[in-house]
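Below is one structure; the comments refer to it alone.
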Amino acid sequence: MATDSDGDTLYIGTNGAGVARVFSNEVDGISGASVLAQWGPMILPSDKIYSILIAPDGARWFGTDMGVARHMGQNSLDNWTALTVENGLVNNFVQAIASDKEGKIWFGTKGGISVFDGSVWTSYTEKDGLGSNNILCIIVDNNGVVWMGTDNGVTVFENGKFINYR
């Protein structure tokens with residue numbers, strides 16, 4: 001789940017029914033992989049939503065088991081982009097998403113971390129110092145340190161280096 005910056009809209013990811021959006025005490029559905037997509041050009045790689053981020057610029061990011069989708073604007077039918085390993089993700093199963101102080105978006109996957117600055121992708125795996133490639137959650141603290149929960153402990157990214165705690 002995630003809320004927008006005003007706190008008046010809640011996005012809820014589901015395990016097979018896409019995204020539910022609650023605003024002004026009303027519920028509607030955003031879904032791109034189900035039959036509901038017949039009525040609109042939504043690009044959601046899968047209806048299984050594992051993570052949601054509302055970025056500081058208002059973009060909504062939805063992590064799925066088949067890639068990530070970015071949605072801009074308020075119209076549910078417009079401004080969708082799907083991103084996968086073909087675009088630069090290290091793995092398509094996106095379990096966690098966070099943004100840092102520089103506006104970069106961090107994607108925790110079952111195959112490592114991918115960082116997107118808006119145009120360039122950088123990916124990290126155990127070979128680069130991650131404690132595990134299976135990233136379950138991510139948060140960025142007030143000092144800009146990126147904390148990642150994995151299936152093998154906690155990994156921290158600070159000053160360009162990974163530190164692992166098991």
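So you can find residues: chains in the structure tokens are A, B, ... in the order shown, residues in each start at 1, and ligands are numbered from 1 in order.
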
Running DSSP on the backbone, which parts of stretch 2-124 of chain A land in strand (DSSP E), as a VMD selection string?
-> chain A and resid 2 to 3 9 to 13 19 to 23 26 to 30 49 to 54 60 to 64 67 to 71 80 to 83 94 to 99 105 to 109 112 to 116 121 to 124

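For stretch 77-93 of chain A, the list of residues within 8 Å, based on only C-alpha atoms and with local chain neighbours fewer than 3 positions off taken out, reads Gly40, Pro41, Met42, Ile43, Leu44, Pro45, Gly63, Thr64, Asp65, Met66, Gly67, Val68, Ala69, Arg70, His71, Met72, Gly73, Phe107, Thr109, Lys110, Gly111, Gly112, Ile113, Ser114, Trp121, Thr122, Ser123 and Tyr124 of chain A.
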
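Comparing the minimum interatomic distances between A:Ala96 and each of A:Ser51, A:Ser5, A:Asn159, A:Asn152, counting only C-alpha atoms, we find that A:Ser51 sits nearest.
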
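Pairwise distance (atom CA of A:Gly16, atom CA of A:Lys48) equals 4.6 Å.
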
Close residues, stretch 162-164 of chain A itself excluded, 6 Å, only C-alpha atoms, min 4 positions apart in chain, as a list in words = Gly129, Gly131, Val154, Thr155, Val156 and Phe157 of chain A
